Amino acid sequence: MQEEFIKKGLQYLANTYNRFPIVVTKGEGCWVWDLNGRRYLDFLSGIAVCNLGHAHKNVVEGVVQQAHKLFHISNLFYIEPQIKAAELLCKHSFGDKVFFCNSGAEANEAAIKLARRYSWIKYGEDRYEIIVMENSFHGRTIATLTATGQKKFHEGFQPLLEGFRYCEFNDIDALKGCINSKTCAIMLELVQSEGGIYVADKEYIKELRKIADENDILLIFDEIQTGMGRTGRFFGYEHFHIEPDIMTLAKALGNGFPVGSMIAKEHVMDAFVPGTHASTFGGNPLAMSAVLATINTLIDDGVIKNCEKMGMYLREGLKRLKEKFSIITDIRGLGLIIGMELSINGDEILKEFMKEGIIINCTKGNILRLLPPLIITEEEIDLFLEIAERVFERFERRV
Ligand SMILES: *Cc1c(COP(=O)(O)O)cnc(C)c1O
């Protein structure tokens with residue numbers, strides 16, 4: 001039966017993903033089940049989406065209750081759960097106002113438009129350039145693809161959008177060299193995740209904030225992957241003791257319900273007025289019920305603390321594996337966004353993990369990316385480490 005579905009998938013779906021050869025039909029906590037009833041430990045969380053694990057009862061209840069009341073009504077009206085969600089996001093972040101949309105790319109589009117508009121109002125037509133980082137990832141729409149500093153994603157899609165300048169990540173002198181009279185914003189991830197789990201330096205971010213302040217340049221943090229507790233703080237920027245002017249969220253914002261948001265300081269968000277930006281589905285009641293349940297659970301259930309603790313526990317375990325196996329060349333990350341760099345290609349290793357009942361991801365060909373749900377337990381991490389040891393042993397013998 002599973003084979004049949006996979007065949008049909010290959011026939012009818014756009015070939016935009018290299019898919020794992022299983023059909024996942026059910027999830028609970030850190031575990032998922034395929035169509036044959038086989039169980040897997042999920043160390044990917046739908047790519048940093050299901051931070052509370054699968055089928056979390058609070059999110060399920062929130063969405064089901066809202067579904068009975070009102071699916072959709074449009075932003076021509078005030079929407080109760082949307083206002084509550086915006087208030088919660090502002091109370092727990094640097095932000096004063098929130099724009100809701102449906103995905104990460106859309107959140108970044110909104111941030112790019114807001115930065116341009118803010119600068120246009122204040123400084124006129126010629127100040128629109130956004131500095132973005134080499135090796136970054138910001139999405140697949142034309143604007144966010146342009147913002148993405150990786151050539152392989154650009155191939156065949158030119159001409160890209162005007163007004164972006166690429167800069168070496170974590171290099172303050174390079175940044176100074178990129179700034180000119182046209183610069184209106186700097187946009188970056190605090191942990192480059194698709195790029196291979198590279199964490200921003202504390203000094204670099206501090207300096208970035210200073211330079212942005214001195215030149216009235218907006219600082220945009222793409223926290224689509226690092227937000228919502230993933231790094232062991234509610235938002236990644238809290239590790240750096242500074243605040244951005246604009247932040248984008250998506251992925252775990254609705255714990256699996258498709259939703260994105262762009263959060264900004266009031267004087268920045270004021271550049272948007274009725275007619276400048278919009279989204280039909282953005283902030284729809286159903287999505288907002290998922291956001292409310294997700295935020296409340298992250299806070300009330302100590303999930304972020306657990307992430308910090310389990311992140312340390314997992315990294316310690318991985319470092320022990322690194323001591324043992326020479327094919328593991330680096331362990332890095334923050335909280336539960338962790339990269340394991342290998343001296344060999346990771347594709348075969350992924351397959352072995354899958355055979356052993358564990359789902360992980362690989363980026364850049366040789367960097368294993370671990371993104372377990374933030375509710376993961378010590379027992380589940382121990383199981384992962386035990387299996388990882390078995391898998392690496394097989395590959396260590398081969399090289
Ligand atoms: C996933 C991701 C995006 C794109 O989000 P989509 O919802 O896929 O459009 C943008 N930036 C970062 C850092 C991401 O991890």
# chains A, B, ... in the order shown; residues from 1 in each chain; ligands from 1
call {"tool": "residues_around", "arguments": {"residues": "region 274-290 of chain A", "least_positions_apart": "3", "cutoff": "10 Å", "atoms": "only C-alpha atoms", "output": "ChimeraX atom specification"}}
result
/A:58-76,79-86,98-103,106,110,113-114,117,253-261,271,293-295
call {"tool": "select_by_dssp", "arguments": {"residues": "region 194-272 of chain A", "states": "helix (DSSP H, G or I)", "output": "list in words"}}
result
Lys202, Glu203, Tyr204, Ile205, Lys206, Glu207, Leu208, Arg209, Lys210, Ile211, Ala212, Asp213, Glu214, Gly236, Tyr237, Glu238, His239, Phe240, Lys251, Ala252, Leu253, Gly254, Glu266, His267, Val268 and Met269 of chain A
call {"tool": "write_last_selection", "arguments": {"atoms": "N, CA, C and O atoms", "output": "mmCIF file, in the first residue's frame"}}
result
data_model
loop_
_atom_site.group_PDB
_atom_site.id
_atom_site.type_symbol
_atom_site.label_atom_id
_atom_site.label_comp_id
_atom_site.auth_asym_id
_atom_site.auth_seq_id
_atom_site.Cartn_x
_atom_site.Cartn_y
_atom_site.Cartn_z
ATOM 1 N N LYS A 202 28.491 36.973 18.978
ATOM 2 C CA LYS A 202 27.872 37.989 19.844
ATOM 3 C C LYS A 202 28.393 39.386 19.523
ATOM 4 O O LYS A 202 27.630 40.342 19.408
ATOM 5 N N GLU A 203 29.709 39.494 19.369
ATOM 6 C CA GLU A 203 30.335 40.799 19.101
ATOM 7 C C GLU A 203 29.858 41.370 17.776
ATOM 8 O O GLU A 203 29.613 42.564 17.647
ATOM 9 N N TYR A 204 29.743 40.491 16.799
ATOM 10 C CA TYR A 204 29.303 40.885 15.453
ATOM 11 C C TYR A 204 27.905 41.498 15.502
ATOM 12 O O TYR A 204 27.662 42.566 14.931
ATOM 13 N N ILE A 205 26.988 40.826 16.205
ATOM 14 C CA ILE A 205 25.606 41.308 16.268
ATOM 15 C C ILE A 205 25.536 42.629 17.039
ATOM 16 O O ILE A 205 24.799 43.543 16.670
ATOM 17 N N LYS A 206 26.323 42.737 18.087
ATOM 18 C CA LYS A 206 26.350 43.974 18.865
ATOM 19 C C LYS A 206 26.818 45.150 17.998
ATOM 20 O O LYS A 206 26.245 46.229 18.001
ATOM 21 N N GLU A 207 27.862 44.882 17.243
ATOM 22 C CA GLU A 207 28.439 45.894 16.360
ATOM 23 C C GLU A 207 27.457 46.253 15.244
ATOM 24 O O GLU A 207 27.316 47.423 14.870
ATOM 25 N N LEU A 208 26.777 45.238 14.734
ATOM 26 C CA LEU A 208 25.763 45.419 13.688
ATOM 27 C C LEU A 208 24.688 46.400 14.162
ATOM 28 O O LEU A 208 24.279 47.312 13.436
ATOM 29 N N ARG A 209 24.245 46.193 15.398
ATOM 30 C CA ARG A 209 23.205 47.049 15.967
ATOM 31 C C ARG A 209 23.698 48.502 16.053
ATOM 32 O O ARG A 209 22.974 49.435 15.737
ATOM 33 N N LYS A 210 24.946 48.638 16.455
ATOM 34 C CA LYS A 210 25.528 49.981 16.617
ATOM 35 C C LYS A 210 25.598 50.700 15.256
ATOM 36 O O LYS A 210 25.180 51.853 15.138
ATOM 37 N N ILE A 211 26.086 49.985 14.271
ATOM 38 C CA ILE A 211 26.223 50.579 12.928
ATOM 39 C C ILE A 211 24.851 50.933 12.353
ATOM 40 O O ILE A 211 24.665 51.984 11.754
ATOM 41 N N ALA A 212 23.882 50.052 12.586
ATOM 42 C CA ALA A 212 22.523 50.304 12.104
ATOM 43 C C ALA A 212 21.973 51.568 12.756
ATOM 44 O O ALA A 212 21.396 52.426 12.083
ATOM 45 N N ASP A 213 22.175 51.701 14.063
ATOM 46 C CA ASP A 213 21.696 52.887 14.789
ATOM 47 C C ASP A 213 22.334 54.162 14.257
ATOM 48 O O ASP A 213 21.666 55.171 14.051
ATOM 49 N N GLU A 214 23.626 54.107 14.039
ATOM 50 C CA GLU A 214 24.351 55.311 13.609
ATOM 51 C C GLU A 214 23.883 55.806 12.240
ATOM 52 O O GLU A 214 23.981 56.988 11.939
ATOM 53 N N GLY A 236 15.597 34.087 19.213
ATOM 54 C CA GLY A 236 17.044 33.934 19.146
ATOM 55 C C GLY A 236 17.798 35.181 19.558
ATOM 56 O O GLY A 236 18.874 35.105 20.174
ATOM 57 N N TYR A 237 17.236 36.361 19.257
ATOM 58 C CA TYR A 237 17.968 37.605 19.530
ATOM 59 C C TYR A 237 18.234 37.810 21.017
ATOM 60 O O TYR A 237 19.133 38.563 21.402
ATOM 61 N N GLU A 238 17.448 37.114 21.884
ATOM 62 C CA GLU A 238 17.643 37.275 23.330
ATOM 63 C C GLU A 238 19.035 36.801 23.778
ATOM 64 O O GLU A 238 19.538 37.239 24.806
ATOM 65 N N HIS A 239 19.659 35.931 22.991
ATOM 66 C CA HIS A 239 21.026 35.498 23.308
ATOM 67 C C HIS A 239 22.032 36.634 23.126
ATOM 68 O O HIS A 239 23.157 36.566 23.619
ATOM 69 N N PHE A 240 21.647 37.647 22.365
ATOM 70 C CA PHE A 240 22.622 38.654 21.935
ATOM 71 C C PHE A 240 22.475 39.987 22.683
ATOM 72 O O PHE A 240 23.245 40.913 22.453
ATOM 73 N N LYS A 251 7.351 29.076 10.460
ATOM 74 C CA LYS A 251 7.590 27.703 10.902
ATOM 75 C C LYS A 251 6.827 27.302 12.182
ATOM 76 O O LYS A 251 5.711 26.880 12.091
ATOM 77 N N ALA A 252 7.406 27.447 13.366
ATOM 78 C CA ALA A 252 6.781 26.904 14.576
ATOM 79 C C ALA A 252 5.698 27.805 15.163
ATOM 80 O O ALA A 252 5.098 27.472 16.185
ATOM 81 N N LEU A 253 5.431 28.918 14.528
ATOM 82 C CA LEU A 253 4.479 29.898 15.083
ATOM 83 C C LEU A 253 3.109 29.285 15.363
ATOM 84 O O LEU A 253 2.459 29.636 16.345
ATOM 85 N N GLY A 254 2.662 28.371 14.500
ATOM 86 C CA GLY A 254 1.371 27.707 14.712
ATOM 87 C C GLY A 254 1.533 26.219 14.950
ATOM 88 O O GLY A 254 0.581 25.461 14.806
ATOM 89 N N GLU A 266 6.956 50.303 16.610
ATOM 90 C CA GLU A 266 5.816 51.098 16.145
ATOM 91 C C GLU A 266 6.187 52.116 15.058
ATOM 92 O O GLU A 266 5.527 52.191 14.024
ATOM 93 N N HIS A 267 7.280 52.881 15.289
ATOM 94 C CA HIS A 267 7.611 53.934 14.315
ATOM 95 C C HIS A 267 7.988 53.349 12.962
ATOM 96 O O HIS A 267 7.889 54.024 11.939
ATOM 97 N N VAL A 268 8.390 52.081 12.947
ATOM 98 C CA VAL A 268 8.716 51.408 11.676
ATOM 99 C C VAL A 268 7.432 50.908 11.018
ATOM 100 O O VAL A 268 7.171 51.182 9.839
ATOM 101 N N MET A 269 6.604 50.208 11.808
ATOM 102 C CA MET A 269 5.370 49.628 11.244
ATOM 103 C C MET A 269 4.424 50.722 10.752
ATOM 104 O O MET A 269 3.579 50.461 9.882
#
call {"tool": "atom_distance", "arguments": {"atom1": "CA of Glu223 (chain A)", "atom2": "CA of Glu129 (chain A)"}}
result
20.7 Å
call {"tool": "residues_near_ligand", "arguments": {"ligand": "ligand 1", "cutoff": "7 Å", "atoms": "only C-alpha atoms and all ligand atoms", "output": "mmCIF file with N, CA and C atoms, in the first residue's frame"}}
result
data_model
loop_
_atom_site.group_PDB
_atom_site.id
_atom_site.type_symbol
_atom_site.label_atom_id
_atom_site.label_comp_id
_atom_site.auth_asym_id
_atom_site.auth_seq_id
_atom_site.Cartn_x
_atom_site.Cartn_y
_atom_site.Cartn_z
ATOM 1 N N SER A 103 3.183 32.343 5.598
ATOM 2 C CA SER A 103 4.404 31.545 5.455
ATOM 3 C C SER A 103 5.622 32.402 5.759
ATOM 4 N N GLY A 104 6.780 31.740 5.779
ATOM 5 C CA GLY A 104 8.020 32.447 6.044
ATOM 6 C C GLY A 104 8.380 33.409 4.926
ATOM 7 N N ALA A 105 8.273 32.917 3.690
ATOM 8 C CA ALA A 105 8.619 33.772 2.555
ATOM 9 C C ALA A 105 7.767 35.035 2.561
ATOM 10 N N GLU A 106 6.479 34.872 2.856
ATOM 11 C CA GLU A 106 5.591 36.030 2.888
ATOM 12 C C GLU A 106 5.952 36.990 4.023
ATOM 13 N N PHE A 137 19.434 31.974 3.944
ATOM 14 C CA PHE A 137 18.221 31.450 3.320
ATOM 15 C C PHE A 137 17.025 32.248 3.815
ATOM 16 N N HIS A 138 16.248 32.812 2.862
ATOM 17 C CA HIS A 138 15.094 33.614 3.261
ATOM 18 C C HIS A 138 13.791 33.239 2.555
ATOM 19 N N GLY A 139 13.814 32.232 1.682
ATOM 20 C CA GLY A 139 12.560 31.821 1.048
ATOM 21 C C GLY A 139 12.681 31.661 -0.450
ATOM 22 N N ARG A 140 11.556 31.333 -1.097
ATOM 23 C CA ARG A 140 11.582 30.937 -2.512
ATOM 24 C C ARG A 140 10.823 31.878 -3.445
ATOM 25 N N GLU A 189 19.878 35.981 9.372
ATOM 26 C CA GLU A 189 19.478 34.955 10.337
ATOM 27 C C GLU A 189 20.526 34.937 11.451
ATOM 28 N N GLN A 192 22.366 30.546 10.696
ATOM 29 C CA GLN A 192 22.106 30.163 9.305
ATOM 30 C C GLN A 192 21.833 28.672 9.290
ATOM 31 N N SER A 193 20.575 28.320 9.094
ATOM 32 C CA SER A 193 20.204 26.914 9.262
ATOM 33 C C SER A 193 20.355 26.117 7.969
ATOM 34 N N GLU A 194 19.632 26.541 6.910
ATOM 35 C CA GLU A 194 19.807 25.876 5.608
ATOM 36 C C GLU A 194 21.275 25.935 5.208
ATOM 37 N N ASP A 222 15.588 37.501 10.546
ATOM 38 C CA ASP A 222 14.747 36.410 10.063
ATOM 39 C C ASP A 222 14.803 35.309 11.118
ATOM 40 N N GLU A 223 13.792 35.286 11.993
ATOM 41 C CA GLU A 223 13.729 34.277 13.067
ATOM 42 C C GLU A 223 12.696 33.206 12.744
ATOM 43 N N ILE A 224 12.503 32.984 11.463
ATOM 44 C CA ILE A 224 11.526 31.993 11.024
ATOM 45 C C ILE A 224 11.869 30.617 11.582
ATOM 46 N N GLN A 225 13.151 30.332 11.673
ATOM 47 C CA GLN A 225 13.561 29.029 12.219
ATOM 48 C C GLN A 225 14.067 29.124 13.666
ATOM 49 N N ALA A 250 7.666 32.311 11.355
ATOM 50 C CA ALA A 250 6.717 31.428 10.646
ATOM 51 C C ALA A 250 6.904 30.040 11.256
ATOM 52 N N LYS A 251 7.351 29.076 10.460
ATOM 53 C CA LYS A 251 7.590 27.703 10.902
ATOM 54 C C LYS A 251 6.827 27.302 12.182
#
call {"tool": "closest_atom_pairs", "arguments": {"of": "region 253-326 of chain A", "to": "region 389-398 of chain A", "cutoff": "12 Å", "atoms": "only C-alpha atoms", "output": "JSON lines"}}
result
{"residue": "A:Gly317", "atom": "CA", "partner": "A:Glu389", "partner_atom": "CA", "distance": 10.1}
{"residue": "A:Leu318", "atom": "CA", "partner": "A:Glu389", "partner_atom": "CA", "distance": 9.4}
{"residue": "A:Lys319", "atom": "CA", "partner": "A:Glu389", "partner_atom": "CA", "distance": 11.6}
{"residue": "A:Arg320", "atom": "CA", "partner": "A:Glu389", "partner_atom": "CA", "distance": 9.8}
{"residue": "A:Leu321", "atom": "CA", "partner": "A:Glu389", "partner_atom": "CA", "distance": 6.8}
{"residue": "A:Lys322", "atom": "CA", "partner": "A:Phe392", "partner_atom": "CA", "distance": 9.9}
{"residue": "A:Glu323", "atom": "CA", "partner": "A:Glu389", "partner_atom": "CA", "distance": 11.5}
{"residue": "A:Lys324", "atom": "CA", "partner": "A:Glu389", "partner_atom": "CA", "distance": 9.0}
{"residue": "A:Phe325", "atom": "CA", "partner": "A:Glu396", "partner_atom": "CA", "distance": 6.5}
{"residue": "A:Ser326", "atom": "CA", "partner": "A:Glu396", "partner_atom": "CA", "distance": 7.3}
call {"tool": "select_by_dssp", "arguments": {"residues": "region 344-392 of chain A", "states": "strand (DSSP E or B)", "output": "short mmCIF file (atom, residue, chain, number, x, y, z; two decimals) with N, CA, C and O atoms, in the first residue's frame"}}
result
data_model
loop_
_atom_site.label_atom_id
_atom_site.label_comp_id
_atom_site.auth_asym_id
_atom_site.auth_seq_id
_atom_site.Cartn_x
_atom_site.Cartn_y
_atom_site.Cartn_z
N ILE A 358 14.85 6.50 12.77
CA ILE A 358 15.03 7.89 13.19
C ILE A 358 15.02 8.81 11.96
O ILE A 358 15.66 8.52 10.95
N ILE A 359 14.29 9.90 12.08
CA ILE A 359 14.22 10.86 10.98
C ILE A 359 15.12 12.05 11.29
O ILE A 359 14.93 12.73 12.32
N ASN A 361 17.71 15.22 9.04
CA ASN A 361 17.84 15.92 7.77
C ASN A 361 19.31 16.24 7.53
O ASN A 361 20.12 16.21 8.45
N CYS A 362 19.64 16.50 6.28
CA CYS A 362 21.02 16.84 5.94
C CYS A 362 20.99 18.10 5.08
O CYS A 362 20.13 18.25 4.22
N THR A 363 21.88 19.02 5.34
CA THR A 363 21.95 20.23 4.53
C THR A 363 23.37 20.41 4.02
O THR A 363 24.33 19.90 4.63
N ILE A 367 26.20 18.17 6.21
CA ILE A 367 25.92 18.65 7.57
C ILE A 367 24.58 18.10 8.02
O ILE A 367 23.53 18.46 7.50
N LEU A 368 24.62 17.18 8.98
CA LEU A 368 23.39 16.63 9.53
C LEU A 368 22.75 17.69 10.40
O LEU A 368 23.42 18.35 11.20
N ARG A 369 21.44 17.87 10.20
CA ARG A 369 20.73 18.91 10.93
C ARG A 369 19.75 18.26 11.88
O ARG A 369 18.88 17.51 11.46
N LEU A 370 19.89 18.52 13.18
CA LEU A 370 19.02 17.94 14.19
C LEU A 370 18.08 19.01 14.72
O LEU A 370 18.52 20.04 15.26
#
call {"tool": "residues_around", "arguments": {"residues": "Ile220 (chain A)", "least_positions_apart": "2", "cutoff": "9 Å", "atoms": "only C-alpha atoms", "output": "list in words"}}
result
Ala111, Ile112, Ala115, Ala185, Ile186, Met187, Leu188, Glu189, Leu218, Asp222, Pro244, Asp245, Ile246, Met247 and Thr248 of chain A
call {"tool": "residues_around", "arguments": {"residues": "region 154-167 of chain A", "least_positions_apart": "6", "cutoff": "9 Å", "atoms": "only C-alpha atoms", "output": "list in words"}}
result
Tyr128, Glu129, Ile130, Ile131, Val132, Met133, Glu134, Ile142, Ala143, Leu145, Thr146, Ala147, Thr148, Ala174, Leu175, Gly177, Cys178, Lys182 and Thr183 of chain A
call {"tool": "write_last_selection", "arguments": {"atoms": "all heavy atoms", "output": "CSV table (one decimal), in the first residue's frame"}}
result
chain,number,residue,atom,x,y,z
A,128,TYR,N,17.1,52.3,-1.0
A,128,TYR,CA,16.3,51.1,-1.0
A,128,TYR,C,17.1,49.8,-0.9
A,128,TYR,O,16.6,48.7,-0.9
A,128,TYR,CB,15.5,51.0,-2.3
A,128,TYR,CG,16.4,51.1,-3.5
A,128,TYR,CD1,17.1,50.0,-4.0
A,128,TYR,CD2,16.5,52.4,-4.2
A,128,TYR,CE1,17.9,50.1,-5.1
A,128,TYR,CE2,17.4,52.5,-5.3
A,128,TYR,CZ,18.0,51.3,-5.7
A,128,TYR,OH,18.9,51.4,-6.8
A,129,GLU,N,18.4,49.9,-0.8
A,129,GLU,CA,19.2,48.7,-0.8
A,129,GLU,C,19.2,47.9,0.5
A,129,GLU,O,19.3,48.6,1.6
A,129,GLU,CB,20.7,49.0,-1.1
A,129,GLU,CG,21.2,48.1,-2.2
A,129,GLU,CD,22.6,48.6,-2.7
A,129,GLU,OE1,23.5,48.7,-1.9
A,129,GLU,OE2,22.7,48.9,-3.9
A,130,ILE,N,19.1,46.6,0.4
A,130,ILE,CA,19.1,45.8,1.6
A,130,ILE,C,20.3,44.9,1.6
A,130,ILE,O,20.6,44.2,0.6
A,130,ILE,CB,17.8,44.9,1.7
A,130,ILE,CG1,16.6,45.9,1.8
A,130,ILE,CG2,17.8,44.0,2.9
A,130,ILE,CD1,15.2,45.2,1.8
A,131,ILE,N,21.1,45.0,2.7
A,131,ILE,CA,22.3,44.1,2.8
A,131,ILE,C,21.8,42.7,3.3
A,131,ILE,O,21.1,42.7,4.3
A,131,ILE,CB,23.3,44.7,3.7
A,131,ILE,CG1,23.9,46.0,3.1
A,131,ILE,CG2,24.5,43.7,3.9
A,131,ILE,CD1,24.8,46.8,4.0
A,132,VAL,N,22.2,41.7,2.6
A,132,VAL,CA,21.9,40.3,3.0
A,132,VAL,C,23.2,39.5,3.1
A,132,VAL,O,24.2,40.0,2.6
A,132,VAL,CB,20.9,39.6,2.1
A,132,VAL,CG1,19.5,40.3,2.2
A,132,VAL,CG2,21.3,39.7,0.6
A,133,MET,N,23.1,38.4,3.7
A,133,MET,CA,24.4,37.6,4.0
A,133,MET,C,24.6,36.5,2.9
A,133,MET,O,23.7,35.8,2.5
A,133,MET,CB,24.3,37.0,5.4
A,133,MET,CG,24.2,38.0,6.5
A,133,MET,SD,25.6,39.2,6.4
A,133,MET,CE,24.8,40.7,7.1
A,134,GLU,N,25.9,36.3,2.7
A,134,GLU,CA,26.3,35.1,1.9
A,134,GLU,C,25.8,33.9,2.7
A,134,GLU,O,25.9,33.9,4.0
A,134,GLU,CB,27.8,35.0,1.8
A,134,GLU,CG,28.4,36.2,1.1
A,134,GLU,CD,28.3,36.1,-0.5
A,134,GLU,OE1,27.7,35.1,-1.0
A,134,GLU,OE2,28.8,37.1,-1.1
A,142,ILE,N,10.4,35.5,-5.5
A,142,ILE,CA,11.5,36.1,-6.2
A,142,ILE,C,12.2,37.1,-5.3
A,142,ILE,O,13.5,37.1,-5.3
A,142,ILE,CB,11.0,36.9,-7.5
A,142,ILE,CG1,10.7,35.8,-8.6
A,142,ILE,CG2,12.0,37.9,-8.0
A,142,ILE,CD1,12.0,35.2,-9.2
A,143,ALA,N,11.5,37.8,-4.4
A,143,ALA,CA,12.2,38.8,-3.5
A,143,ALA,C,13.1,38.0,-2.5
A,143,ALA,O,14.2,38.3,-2.3
A,143,ALA,CB,11.3,39.7,-2.8
A,145,LEU,N,14.1,34.9,-2.6
A,145,LEU,CA,15.1,34.2,-3.3
A,145,LEU,C,16.3,35.1,-3.6
A,145,LEU,O,17.5,34.7,-3.4
A,145,LEU,CB,14.5,33.6,-4.6
A,145,LEU,CG,15.4,32.8,-5.5
A,145,LEU,CD1,15.7,31.4,-4.8
A,145,LEU,CD2,14.8,32.5,-6.8
A,146,THR,N,16.0,36.3,-4.0
A,146,THR,CA,17.1,37.3,-4.2
A,146,THR,C,17.8,37.5,-2.9
A,146,THR,O,19.1,37.6,-2.9
A,146,THR,CB,16.5,38.6,-4.8
A,146,THR,OG1,15.8,38.3,-5.9
A,146,THR,CG2,17.7,39.5,-5.2
A,147,ALA,N,17.1,37.6,-1.8
A,147,ALA,CA,17.7,37.9,-0.5
A,147,ALA,C,18.5,36.7,-0.1
A,147,ALA,O,19.5,36.9,0.8
A,147,ALA,CB,16.6,38.2,0.5
A,148,THR,N,18.3,35.5,-0.6
A,148,THR,CA,19.0,34.3,-0.2
A,148,THR,C,20.4,34.3,-0.9
A,148,THR,O,20.5,34.4,-2.1
A,148,THR,CB,18.2,33.1,-0.7
A,148,THR,OG1,17.0,33.0,0.1
A,148,THR,CG2,19.0,31.8,-0.5
A,174,ALA,N,33.6,43.5,6.5
A,174,ALA,CA,32.9,43.3,5.2
A,174,ALA,C,31.6,44.1,5.2
A,174,ALA,O,31.2,44.8,4.2
A,174,ALA,CB,32.6,41.8,5.0
A,175,LEU,N,30.9,44.1,6.4
A,175,LEU,CA,29.6,44.8,6.5
A,175,LEU,C,29.8,46.3,6.3
A,175,LEU,O,29.1,47.0,5.5
A,175,LEU,CB,29.0,44.6,7.8
A,175,LEU,CG,27.6,45.3,7.9
A,175,LEU,CD1,26.5,44.4,7.4
A,175,LEU,CD2,27.3,45.8,9.3
A,177,GLY,N,32.0,47.7,4.6
A,177,GLY,CA,32.3,47.9,3.2
A,177,GLY,C,31.1,47.9,2.3
A,177,GLY,O,31.1,48.4,1.2
A,178,CYS,N,30.0,47.3,2.8
A,178,CYS,CA,28.8,47.1,2.0
A,178,CYS,C,27.9,48.3,2.2
A,178,CYS,O,27.0,48.5,1.3
A,178,CYS,CB,28.1,45.8,2.4
A,178,CYS,SG,28.8,44.4,1.7
A,182,LYS,N,22.7,54.3,-0.2
A,182,LYS,CA,21.5,53.6,-0.6
A,182,LYS,C,21.0,52.6,0.4
A,182,LYS,O,19.8,52.1,0.3
A,182,LYS,CB,21.8,52.9,-1.9
A,182,LYS,CG,21.9,53.7,-3.2
A,182,LYS,CD,21.8,52.8,-4.4
A,182,LYS,CE,21.5,53.5,-5.7
A,182,LYS,NZ,22.6,54.2,-6.2
A,183,THR,N,21.8,52.3,1.4
A,183,THR,CA,21.4,51.2,2.3
A,183,THR,C,20.2,51.6,3.2
A,183,THR,O,20.2,52.6,3.9
A,183,THR,CB,22.6,50.8,3.2
A,183,THR,OG1,23.7,50.6,2.4
A,183,THR,CG2,22.3,49.5,4.0
call {"tool": "atom_distance", "arguments": {"atom1": "CA of Leu314 (chain A)", "atom2": "CA of Leu385 (chain A)"}}
result
8.1 Å
call {"tool": "closest_atom_pairs", "arguments": {"of": "region 333-398 of chain A", "to": "region 8-20 of chain A", "cutoff": "10 Å", "atoms": "only C-alpha atoms", "output": "tab-separated table"}}
result
residue	atom	partner	partner_atom	distance
A:Leu350	CA	A:Phe20	CA	9.4
A:Lys351	CA	A:Phe20	CA	8.6
A:Met354	CA	A:Phe20	CA	8.7
A:Ile359	CA	A:Phe20	CA	9.1
call {"tool": "closest_residue", "arguments": {"among": "A:Gly196, A:Tyr313, A:Ile217, A:Lys265", "to": "Glu341 (chain A)", "atoms": "only C-alpha atoms"}}
result
A:Gly196
call {"tool": "atom_distance", "arguments": {"atom1": "CA of Val23 (chain A)", "atom2": "CA of Glu379 (chain A)"}}
result
26.1 Å
call {"tool": "closest_residue", "arguments": {"among": "A:Asp173, A:Glu378, A:Glu3, A:Glu109", "to": "Met312 (chain A)", "atoms": "only C-alpha atoms"}}
result
A:Glu378
call {"tool": "closest_residue", "arguments": {"among": "A:Val273, A:Ile338, A:Ile328, A:Cys50", "to": "Ile375 (chain A)", "atoms": "only C-alpha atoms"}}
result
A:Cys50
call {"tool": "decode", "arguments": {"residues": "region 332-342 of chain A", "atoms": "N, CA and C atoms", "output": "short mmCIF file (atom, residue, chain, number, x, y, z; two decimals), in the first residue's frame"}}
result
data_model
loop_
_atom_site.label_atom_id
_atom_site.label_comp_id
_atom_site.auth_asym_id
_atom_site.auth_seq_id
_atom_site.Cartn_x
_atom_site.Cartn_y
_atom_site.Cartn_z
N ARG A 332 27.87 21.96 16.26
CA ARG A 332 27.60 23.37 16.59
C ARG A 332 26.10 23.63 16.63
N GLY A 333 25.72 24.77 17.22
CA GLY A 333 24.31 25.12 17.27
C GLY A 333 23.95 25.86 18.54
N LEU A 334 22.66 26.08 18.71
CA LEU A 334 22.12 26.79 19.87
C LEU A 334 20.83 26.07 20.27
N GLY A 335 20.65 25.76 21.54
CA GLY A 335 19.42 25.07 21.94
C GLY A 335 19.25 23.79 21.16
N LEU A 336 18.11 23.63 20.52
CA LEU A 336 17.86 22.40 19.75
C LEU A 336 17.86 22.66 18.25
N ILE A 337 18.75 23.54 17.80
CA ILE A 337 19.05 23.66 16.37
C ILE A 337 20.54 23.34 16.26
N ILE A 338 20.80 22.10 15.85
CA ILE A 338 22.15 21.56 15.99
C ILE A 338 22.65 20.99 14.67
N GLY A 339 23.89 21.31 14.34
CA GLY A 339 24.51 20.78 13.13
C GLY A 339 25.66 19.86 13.47
N MET A 340 25.76 18.76 12.73
CA MET A 340 26.87 17.81 12.87
C MET A 340 27.57 17.77 11.53
N GLU A 341 28.74 18.37 11.47
CA GLU A 341 29.44 18.35 10.19
C GLU A 341 30.22 17.05 10.03
N LEU A 342 30.14 16.48 8.82
CA LEU A 342 30.80 15.20 8.55
C LEU A 342 31.88 15.38 7.48
#
